[in-house]
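S.K.: Sharing data.cif (mmCIF, C-alpha atoms and all ligand atoms) below.
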data_start
loop_
_atom_site.group_PDB
_atom_site.id
_atom_site.type_symbol
_atom_site.label_atom_id
_atom_site.label_comp_id
_atom_site.auth_asym_id
_atom_site.auth_seq_id
_atom_site.Cartn_x
_atom_site.Cartn_y
_atom_site.Cartn_z
ATOM 1 C CA MET A 1 0.000 0.000 0.000
ATOM 2 C CA ALA A 2 1.332 3.466 -0.829
ATOM 3 C CA ILE A 3 2.527 5.327 2.238
ATOM 4 C CA LEU A 4 0.130 8.255 1.664
ATOM 5 C CA GLU A 5 -2.826 5.870 1.563
ATOM 6 C CA GLN A 6 -1.558 4.107 4.682
ATOM 7 C CA ALA A 7 -1.334 7.458 6.477
ATOM 8 C CA ALA A 8 -4.808 8.490 5.255
ATOM 9 C CA ASN A 9 -6.240 5.201 6.542
ATOM 10 C CA ALA A 10 -4.555 5.733 9.906
ATOM 11 C CA LEU A 11 -6.098 9.234 10.082
ATOM 12 C CA ASN A 12 -9.479 7.770 9.151
ATOM 13 C CA ASP A 13 -9.302 5.275 12.002
ATOM 14 C CA ALA A 14 -8.079 7.774 14.579
ATOM 15 C CA LYS A 15 -10.473 9.235 17.120
ATOM 16 C CA THR A 16 -8.058 11.875 18.369
ATOM 17 C CA ILE A 17 -5.624 13.741 16.138
ATOM 18 C CA VAL A 18 -3.163 16.429 17.198
ATOM 19 C CA CYS A 19 -0.919 18.422 14.867
ATOM 20 C CA PHE A 20 2.593 19.569 15.748
ATOM 21 C CA SER A 21 4.021 22.160 13.353
ATOM 22 C CA GLY A 22 7.341 23.860 12.710
ATOM 23 C CA ALA A 23 8.819 26.466 10.400
ATOM 24 C CA GLY A 24 8.504 24.218 7.314
ATOM 25 C CA ILE A 25 4.735 24.717 7.210
ATOM 26 C CA SER A 26 5.166 28.489 6.795
ATOM 27 C CA ALA A 27 8.089 28.210 4.343
ATOM 28 C CA GLU A 28 5.753 28.192 1.361
ATOM 29 C CA SER A 29 4.085 31.344 2.699
ATOM 30 C CA GLY A 30 7.444 33.060 2.263
ATOM 31 C CA ILE A 31 8.738 32.909 5.853
ATOM 32 C CA PRO A 32 12.219 31.342 5.807
ATOM 33 C CA THR A 33 12.860 28.381 8.121
ATOM 34 C CA TYR A 34 15.490 28.487 10.874
ATOM 35 C CA ARG A 35 17.667 25.941 9.092
ATOM 36 C CA ASP A 36 17.585 28.172 5.971
ATOM 37 C CA GLY A 37 19.509 30.714 8.038
ATOM 38 C CA THR A 38 19.290 34.486 7.676
ATOM 39 C CA THR A 39 19.294 36.185 4.295
ATOM 40 C CA GLY A 40 19.470 39.651 2.759
ATOM 41 C CA LEU A 41 20.831 42.349 5.019
ATOM 42 C CA TRP A 42 20.621 39.971 7.996
ATOM 43 C CA ALA A 43 22.928 37.402 6.384
ATOM 44 C CA GLY A 44 25.801 36.689 8.731
ATOM 45 C CA HIS A 45 23.626 37.063 11.851
ATOM 46 C CA SER A 46 22.358 33.665 13.012
ATOM 47 C CA HIS A 47 19.055 33.099 14.817
ATOM 48 C CA GLN A 48 20.993 31.449 17.600
ATOM 49 C CA GLN A 49 23.073 34.608 18.134
ATOM 50 C CA MET A 50 20.252 37.110 17.649
ATOM 51 C CA GLU A 51 17.567 35.493 19.779
ATOM 52 C CA THR A 52 19.338 35.815 23.111
ATOM 53 C CA ALA A 53 19.328 38.228 26.040
ATOM 54 C CA ARG A 54 23.067 38.699 25.503
ATOM 55 C CA ALA A 55 22.554 39.923 21.927
ATOM 56 C CA PHE A 56 19.848 42.340 23.065
ATOM 57 C CA ARG A 57 22.069 43.730 25.827
ATOM 58 C CA GLN A 58 24.921 44.212 23.343
ATOM 59 C CA ASN A 59 22.915 45.725 20.504
ATOM 60 C CA PRO A 60 19.244 46.426 21.324
ATOM 61 C CA ARG A 61 18.740 48.525 18.168
ATOM 62 C CA LEU A 62 19.822 45.627 15.931
ATOM 63 C CA ILE A 63 17.607 43.073 17.698
ATOM 64 C CA TRP A 64 14.592 45.400 17.809
ATOM 65 C CA GLY A 65 14.999 46.322 14.117
ATOM 66 C CA TRP A 66 15.212 42.648 13.201
ATOM 67 C CA TYR A 67 12.144 41.846 15.279
ATOM 68 C CA LEU A 68 10.042 44.593 13.634
ATOM 69 C CA TRP A 69 11.160 43.415 10.188
ATOM 70 C CA ARG A 70 10.239 39.798 10.984
ATOM 71 C CA ARG A 71 6.838 40.996 12.145
ATOM 72 C CA GLN A 72 6.420 42.792 8.848
ATOM 73 C CA GLN A 73 7.307 39.579 7.008
ATOM 74 C CA ALA A 74 4.669 37.655 8.988
ATOM 75 C CA VAL A 75 2.022 40.356 8.454
ATOM 76 C CA ARG A 76 2.608 40.210 4.683
ATOM 77 C CA ALA A 77 2.538 36.390 4.537
ATOM 78 C CA GLN A 78 -0.703 34.571 3.792
ATOM 79 C CA PRO A 79 -1.753 31.159 5.137
ATOM 80 C CA ASN A 80 -1.025 28.453 2.542
ATOM 81 C CA ALA A 81 -2.793 25.254 1.490
ATOM 82 C CA ALA A 82 -1.190 23.310 4.351
ATOM 83 C CA HIS A 83 -2.456 25.711 7.064
ATOM 84 C CA LEU A 84 -5.905 25.624 5.425
ATOM 85 C CA ALA A 85 -6.026 21.818 5.164
ATOM 86 C CA LEU A 86 -5.305 21.524 8.901
ATOM 87 C CA SER A 87 -7.939 24.104 9.808
ATOM 88 C CA GLU A 88 -10.526 22.048 7.917
ATOM 89 C CA LEU A 89 -9.581 18.699 9.489
ATOM 90 C CA VAL A 90 -12.274 17.764 11.994
ATOM 91 C CA ARG A 91 -12.574 14.927 14.524
ATOM 92 C CA ARG A 92 -15.707 14.222 16.576
ATOM 93 C CA GLU A 93 -17.155 17.443 15.183
ATOM 94 C CA ARG A 94 -14.259 19.449 16.623
ATOM 95 C CA PRO A 95 -11.312 20.994 14.815
ATOM 96 C CA ILE A 96 -8.009 19.367 15.708
ATOM 97 C CA PRO A 97 -5.688 21.111 18.170
ATOM 98 C CA ILE A 98 -2.391 22.420 16.835
ATOM 99 C CA ILE A 99 0.815 22.701 18.832
ATOM 100 C CA THR A 100 3.179 25.013 16.977
ATOM 101 C CA GLN A 101 6.740 26.161 17.410
ATOM 102 C CA ASN A 102 6.028 28.994 15.001
ATOM 103 C CA ILE A 103 5.747 32.560 16.203
ATOM 104 C CA ASP A 104 3.676 33.687 13.203
ATOM 105 C CA ASP A 105 -0.140 33.593 13.350
ATOM 106 C CA LEU A 106 -0.789 31.771 10.068
ATOM 107 C CA HIS A 107 -2.634 28.849 11.715
ATOM 108 C CA GLU A 108 -5.067 31.290 13.345
ATOM 109 C CA ARG A 109 -5.467 33.276 10.136
ATOM 110 C CA ALA A 110 -6.246 30.007 8.303
ATOM 111 C CA GLY A 111 -9.099 29.484 10.782
ATOM 112 C CA SER A 112 -7.624 27.074 13.347
ATOM 113 C CA LEU A 113 -9.191 27.741 16.732
ATOM 114 C CA GLU A 114 -7.045 25.804 19.208
ATOM 115 C CA VAL A 115 -3.375 26.729 18.722
ATOM 116 C CA VAL A 116 -0.753 26.239 21.439
ATOM 117 C CA HIS A 117 2.256 28.499 20.751
ATOM 118 C CA LEU A 118 5.216 26.797 22.435
ATOM 119 C CA HIS A 119 7.602 29.621 21.571
ATOM 120 C CA GLY A 120 5.215 32.534 22.017
ATOM 121 C CA SER A 121 4.242 35.017 19.367
ATOM 122 C CA LEU A 122 5.751 37.735 17.197
ATOM 123 C CA SER A 123 2.771 39.918 18.062
ATOM 124 C CA SER A 124 3.810 40.351 21.688
ATOM 125 C CA SER A 125 6.554 42.409 23.268
ATOM 126 C CA LYS A 126 7.538 42.887 26.890
ATOM 127 C CA CYS A 127 9.879 44.853 29.116
ATOM 128 C CA PHE A 128 13.482 43.616 29.223
ATOM 129 C CA ALA A 129 13.814 44.970 32.780
ATOM 130 C CA CYS A 130 10.528 44.244 34.591
ATOM 131 C CA HIS A 131 9.283 41.482 32.177
ATOM 132 C CA ARG A 132 5.742 42.838 32.131
ATOM 133 C CA PRO A 133 3.900 42.724 28.786
ATOM 134 C CA ALA A 134 3.952 45.901 26.696
ATOM 135 C CA LEU A 135 0.666 47.774 26.763
ATOM 136 C CA VAL A 136 0.923 48.921 23.142
ATOM 137 C CA THR A 137 1.953 46.733 20.204
ATOM 138 C CA PRO A 138 4.673 48.526 18.202
ATOM 139 C CA ALA A 139 4.046 48.709 14.450
ATOM 140 C CA PRO A 140 6.119 46.485 12.152
ATOM 141 C CA ILE A 141 8.530 48.200 9.736
ATOM 142 C CA PRO A 142 8.828 47.547 6.009
ATOM 143 C CA GLU A 143 12.584 48.138 5.641
ATOM 144 C CA GLU A 144 15.027 45.330 6.214
ATOM 145 C CA GLY A 145 18.274 46.102 8.011
ATOM 146 C CA LEU A 146 17.120 49.151 9.991
ATOM 147 C CA LEU A 147 18.553 49.690 13.448
ATOM 148 C CA VAL A 148 15.656 50.822 15.637
ATOM 149 C CA GLU A 149 15.786 52.097 19.198
ATOM 150 C CA PRO A 150 13.374 49.944 21.272
ATOM 151 C CA PRO A 151 10.473 51.850 22.841
ATOM 152 C CA ARG A 152 10.367 52.190 26.632
ATOM 153 C CA CYS A 153 8.180 50.407 29.147
ATOM 154 C CA VAL A 154 5.520 52.832 30.412
ATOM 155 C CA ARG A 155 5.813 51.391 33.915
ATOM 156 C CA CYS A 156 9.550 51.229 34.622
ATOM 157 C CA ASN A 157 11.177 52.899 31.575
ATOM 158 C CA GLY A 158 13.069 49.686 30.705
ATOM 159 C CA LYS A 159 13.620 48.817 27.043
ATOM 160 C CA LEU A 160 10.979 46.732 25.314
ATOM 161 C CA ARG A 161 12.110 43.395 23.843
ATOM 162 C CA PRO A 162 10.367 40.826 21.622
ATOM 163 C CA GLY A 163 7.881 38.778 23.651
ATOM 164 C CA HIS A 164 8.598 35.411 22.043
ATOM 165 C CA VAL A 165 10.895 32.778 23.553
ATOM 166 C CA TRP A 166 14.625 33.279 23.045
ATOM 167 C CA TYR A 167 17.285 30.558 23.193
ATOM 168 C CA GLY A 168 17.850 29.364 26.746
ATOM 169 C CA GLU A 169 14.493 30.687 28.020
ATOM 170 C CA ASP A 170 11.551 28.812 29.499
ATOM 171 C CA LEU A 171 8.436 28.193 27.412
ATOM 172 C CA PRO A 172 5.376 30.347 28.258
ATOM 173 C CA ALA A 173 3.729 29.147 31.479
ATOM 174 C CA GLY A 174 1.371 26.220 30.986
ATOM 175 C CA THR A 175 2.076 25.678 27.282
ATOM 176 C CA TRP A 176 4.394 22.691 27.744
ATOM 177 C CA LYS A 177 1.961 20.994 30.123
ATOM 178 C CA SER A 178 -0.901 21.514 27.642
ATOM 179 C CA ALA A 179 1.208 20.193 24.758
ATOM 180 C CA VAL A 180 2.288 17.053 26.626
ATOM 181 C CA SER A 181 -1.252 16.363 27.740
ATOM 182 C CA LEU A 182 -2.490 16.663 24.138
ATOM 183 C CA VAL A 183 0.152 14.340 22.663
ATOM 184 C CA GLU A 184 -0.175 11.774 25.463
ATOM 185 C CA ASN A 185 -3.861 11.467 24.691
ATOM 186 C CA CYS A 186 -3.922 11.347 20.903
ATOM 187 C CA ASP A 187 -4.093 8.405 18.496
ATOM 188 C CA ILE A 188 -2.173 10.277 15.791
ATOM 189 C CA LEU A 189 0.400 13.035 16.043
ATOM 190 C CA LEU A 190 0.723 14.744 12.669
ATOM 191 C CA SER A 191 4.144 16.400 12.754
ATOM 192 C CA VAL A 192 4.625 18.900 9.922
ATOM 193 C CA GLY A 193 7.696 20.834 8.809
ATOM 194 C CA THR A 194 9.950 20.537 11.824
ATOM 195 C CA SER A 195 13.583 19.489 11.960
ATOM 196 C CA GLY A 196 13.147 18.150 15.496
ATOM 197 C CA VAL A 197 16.400 19.596 16.778
ATOM 198 C CA VAL A 198 15.291 22.178 19.346
ATOM 199 C CA THR A 199 14.178 20.766 22.682
ATOM 200 C CA PRO A 200 11.929 20.461 24.567
ATOM 201 C CA ALA A 201 9.531 20.804 21.574
ATOM 202 C CA ALA A 202 11.515 18.208 19.618
ATOM 203 C CA ASN A 203 10.643 15.598 22.255
ATOM 204 C CA LEU A 204 6.912 15.666 21.482
ATOM 205 C CA PRO A 205 6.931 12.984 18.727
ATOM 206 C CA GLU A 206 8.861 10.647 21.050
ATOM 207 C CA ILE A 207 6.389 11.334 23.883
ATOM 208 C CA ALA A 208 3.496 10.511 21.522
ATOM 209 C CA LEU A 209 5.162 7.272 20.372
ATOM 210 C CA SER A 210 5.851 6.219 23.980
ATOM 211 C CA ALA A 211 2.176 6.788 24.809
ATOM 212 C CA GLY A 212 1.162 4.436 21.976
ATOM 213 C CA ALA A 213 0.249 6.954 19.265
ATOM 214 C CA THR A 214 1.208 6.770 15.610
ATOM 215 C CA VAL A 215 3.341 9.657 14.379
ATOM 216 C CA ILE A 216 2.921 10.832 10.785
ATOM 217 C CA HIS A 217 5.736 13.133 9.650
ATOM 218 C CA VAL A 218 5.322 15.481 6.686
ATOM 219 C CA ASN A 219 8.625 17.041 5.678
ATOM 220 C CA THR A 220 10.766 17.714 2.609
ATOM 221 C CA ASP A 221 13.537 15.745 4.389
ATOM 222 C CA ASP A 222 13.439 12.336 6.049
ATOM 223 C CA VAL A 223 13.166 13.272 9.743
ATOM 224 C CA GLY A 224 11.723 9.970 10.989
ATOM 225 C CA SER A 225 13.410 8.072 13.804
ATOM 226 C CA GLY A 226 12.625 4.666 12.291
ATOM 227 C CA ALA A 227 10.157 3.664 15.047
ATOM 228 C CA PRO A 228 7.573 1.044 14.000
ATOM 229 C CA ASN A 229 4.632 3.383 14.657
ATOM 230 C CA GLU A 230 5.979 6.136 12.422
ATOM 231 C CA LEU A 231 5.036 7.046 8.871
ATOM 232 C CA MET A 232 7.305 9.385 6.927
ATOM 233 C CA LEU A 233 5.708 11.359 4.086
ATOM 234 C CA ILE A 234 8.416 13.159 2.167
ATOM 235 C CA GLY A 235 7.353 16.231 0.218
ATOM 236 C CA LYS A 236 6.065 19.772 0.538
ATOM 237 C CA ALA A 237 3.430 20.391 3.194
ATOM 238 C CA THR A 238 1.240 22.283 0.693
ATOM 239 C CA GLU A 239 1.191 19.270 -1.617
ATOM 240 C CA ILE A 240 0.809 16.469 0.935
ATOM 241 C CA LEU A 241 -1.586 17.900 3.541
ATOM 242 C CA PRO A 242 -4.483 18.801 1.218
ATOM 243 C CA ARG A 243 -4.425 15.219 -0.089
ATOM 244 C CA LEU A 244 -3.945 13.619 3.322
ATOM 245 C CA CYS A 245 -6.645 15.706 5.017
ATOM 246 C CA SER A 246 -9.182 15.588 2.202
ATOM 247 C CA PRO A 247 -12.704 14.979 3.627
ATOM 248 C CA LEU A 248 -13.018 11.996 1.299
ATOM 249 C CA VAL A 249 -10.297 10.112 3.097
ATOM 250 C CA THR A 250 -10.790 11.516 6.594
ATOM 251 C CA GLU A 251 -14.535 11.251 7.015
ATOM 252 C CA ASP A 252 -15.215 10.648 10.718
ATOM 253 C CA HIS A 253 -16.335 7.095 11.412
ATOM 254 C CA ALA A 254 -16.192 7.541 15.213
HETATM 255 N N1 LIG B 1 7.126 21.377 3.580
HETATM 256 C C1 LIG B 1 7.454 20.541 4.591
HETATM 257 N N2 LIG B 1 8.593 20.645 5.304
HETATM 258 C C2 LIG B 1 9.457 21.628 4.982
HETATM 259 C C3 LIG B 1 9.194 22.536 3.928
HETATM 260 C C4 LIG B 1 7.974 22.386 3.210
HETATM 261 N N3 LIG B 1 7.643 23.199 2.190
HETATM 262 N N4 LIG B 1 10.240 23.398 3.846
HETATM 263 C C5 LIG B 1 11.110 23.046 4.817
HETATM 264 N N5 LIG B 1 10.646 21.980 5.504
HETATM 265 C C6 LIG B 1 11.254 21.317 6.673
HETATM 266 C C7 LIG B 1 12.764 21.226 6.654
HETATM 267 O O1 LIG B 1 13.195 20.038 5.992
HETATM 268 C C8 LIG B 1 13.088 21.182 8.142
HETATM 269 O O2 LIG B 1 13.072 19.842 8.638
HETATM 270 O O3 LIG B 1 10.930 22.121 7.788
HETATM 271 C C9 LIG B 1 11.916 21.948 8.782
HETATM 272 C C10 LIG B 1 12.302 23.322 9.291
HETATM 273 O O4 LIG B 1 13.195 23.141 10.354
HETATM 274 P P1 LIG B 1 13.634 24.334 11.288
HETATM 275 O O5 LIG B 1 14.036 25.501 10.485
HETATM 276 O O6 LIG B 1 14.624 23.770 12.237
HETATM 277 O O7 LIG B 1 12.286 24.757 12.047
HETATM 278 P P2 LIG B 1 11.679 24.194 13.385
HETATM 279 O O8 LIG B 1 11.809 22.727 13.463
HETATM 280 O O9 LIG B 1 10.342 24.800 13.515
HETATM 281 O O10 LIG B 1 12.661 24.854 14.453
HETATM 282 C C11 LIG B 1 12.398 24.702 15.796
HETATM 283 O O11 LIG B 1 14.159 26.192 16.371
HETATM 284 O O12 LIG B 1 15.397 28.131 16.169
HETATM 285 C C12 LIG B 1 14.375 27.489 16.855
HETATM 286 O O13 LIG B 1 12.692 28.534 18.104
HETATM 287 C C13 LIG B 1 13.057 28.226 16.786
HETATM 288 O O14 LIG B 1 10.820 27.335 16.727
HETATM 289 C C14 LIG B 1 12.117 27.211 16.189
HETATM 290 C C15 LIG B 1 12.795 25.913 16.569
#
Transcribe the structure of this file into structure tokens.
M.R.:
Amino acid sequence: MAILEQAANALNDAKTIVCFSGAGISAESGIPTYRDGTTGLWAGHSHQQMETARAFRQNPRLIWGWYLWRRQQAVRAQPNAAHLALSELVRRERPIPIITQNIDDLHERAGSLEVVHLHGSLSSSKCFACHRPALVTPAPIPEEGLLVEPPRCVRCNGKLRPGHVWYGEDLPAGTWKSAVSLVENCDILLSVGTSGVVTPAANLPEIALSAGATVIHVNTDDVGSGAPNELMLIGKATEILPRLCSPLVTEDHA
């Protein structure tokens, strides 16, 4: 049996499906993945260097300018066929929950209602000094490469920083617990467009497998671990997901 058909049958039989997504699902909306590295005027600055408290302390104008530009990129991007296919996938008359590492809002803009953002969101900012959320959302900027002085916190006059999770920081309170609970209680974890290298998020497929679920990977590279309960669908998310999630093959028999 072809692997796509096998995966579609597994989805058909599943009562509980959870999706886990990474940067690859937004790649075809024009948002580069982390493994692609930085491009244009940001080439030479790695995500791993830029998304740290140390980098912000050393050069807040660079980090704030980069953040506003990335927000602009996300605002301009449109949800693609993969985001839409997931938003239309229904189980027991409920849309499936999505756990995402992405800080864009393309799942929400595609219509998905339950989205757990493990790494926070590009739309939030907070104070670098007192850590409280910013009261006003700063506007994104269209120009790449601008150095921008971060605005000040209205409460303590500290500099504002991006609100999403930087390297070495804890995940937003409660999100990890929610994610683990979802994957421990699903029949299928549909893992889309993630390299599986950044923990703790990267542990979710293994947690699902240990709890007895089947993991279906959709990725342009082979990222499977070779476990018996895994299915590896190699290809673009926009090409595979609409076929895999088509109502014809995923009609709910529960
Ligand atoms: N369709 C499916 N998969 C794709 C596509 C596509 N069109 N394009 C790329 N991919 C795959 C790549 O093969 C790769 O495995 O998406 C994955 C992207 O990997 P990463 O860039 O590492 O993204 P992600 O796994 O989300 O990274 C995790 O790392 O830097 C941190 O916090 C950041 O959330 C991020 C985390």
S.K.: Taking all atoms listed in the file into account, which residues have an atom no farther than 6 Å from ligand LIG 1 (chain B)? I'd like them as a list in words.
M.R.: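 Using all atoms listed in the file, everything at most 6 Å from ligand LIG 1 (chain B) comes to Gly22, Ala23, Gly24, Ile25, Ala27, Glu28, Thr33, Tyr34, Arg35, Gln101, Asn102, Gly193, Thr194, Ser195, Gly196, Val198, Val218, Asn219, Thr220, Asp221, Lys236 and Ala237 of chain A.
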S.K.: Which residues would end up in the selection if the PyMOL selection byres (((chain A and resi 41) around 8) and not hetatm) were applied here, given that I need the answer as a tab-separated table (two decimals) with C-alpha atoms, in the frame of the given file?
M.R.:
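Writing the result to expr-v5.tsv gives the following:
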chain	number	residue	atom	x	y	z
A	39	THR	CA	19.29	36.18	4.30
A	40	GLY	CA	19.47	39.65	2.76
A	42	TRP	CA	20.62	39.97	8.00
A	43	ALA	CA	22.93	37.40	6.38
A	144	GLU	CA	15.03	45.33	6.21
A	145	GLY	CA	18.27	46.10	8.01
S.K.: Any idea what the distance is between CA of Gln48 in chain A and CA of Pro60 in chain A?
M.R.: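 Distance between the two atoms: 15.5 Å.
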S.K.: Interatomic distance between CA of Gly65 in chain A and CA of Arg109 in chain A?
M.R.: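 Separation between CA of Gly65 in chain A and CA of Arg109 in chain A: 24.6 Å.
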S.K.: Between A:Ser125, A:Ser87, A:Thr100, A:Ser46, which residue has the minimum interatomic distance to Ala202 in chain A, considering all atoms listed in the file?
M.R.: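 Distance minimum relative to Ala202 in chain A lands on A:Thr100.
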S.K.: The residues within 12 Å of (-2.6, 32.6, 15.3), using all atoms listed in the file and the coordinates of the file, should be reported as a ChimeraX atom specification; which are they?
M.R.: /A:74-75,78-79,83,87,98-117,120-124
S.K.: What would the selection look like, as a ChimeraX atom specification, if the PyMOL selection byres (((chain A and resi 89) around 12) and not hetatm) were run on the coordinates I just shared?
M.R.: /A:11-12,16-19,82-88,90-98,110-113,190,241-252
S.K.: Report, as lines of an AutoDock Vina configuration file, the axis-aligned box around all atoms of range 217-224 of chain A present in the file, extended by 5 Å on each side; give centre and edge lengths in Å to one decimal place.
M.R.:
center_x = 9.4
center_y = 13.8
center_z = 6.8
size_x = 18.2
size_y = 17.7
size_z = 18.4
S.K.: Quick one: of A:Ile3, A:Val197, A:Ile188, A:Asp170, who's nearest to Leu209 in chain A, counting all atoms listed in the file?
M.R.: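 Among the listed residues, A:Ile188 lies closest to Leu209 in chain A.
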S.K.: Of the candidates A:Leu231, A:Ala201, A:Ser26, A:Ala134, which shows the shortest atom-to-atom distance to Thr175 in chain A, using all atoms listed in the file?
M.R.: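 Between A:Leu231, A:Ala201, A:Ser26, A:Ala134, the residue approaching Thr175 in chain A most closely is A:Ala201.
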S.K.: Determine the residue set returned by the PyMOL selection byres (((chain A and resi 176) around 10) and not hetatm) for the present structure, and present it as a ChimeraX atom specification.
M.R.: /A:99,116-119,170-175,177-182,200-201,204
S.K.: Excluding same-chain residues fewer than 6 positions from Ala53 in chain A, what lies within 12 Å of it counting all atoms listed in the file, as a PyMOL selection string?
M.R.: chain A and resi 59-60+63-64+127-129+160-169
S.K.: Figure out the distance between CA of Asp222 in chain A and CA of His45 in chain A, please, to one decimal in Å.
M.R.: 27.4 Å
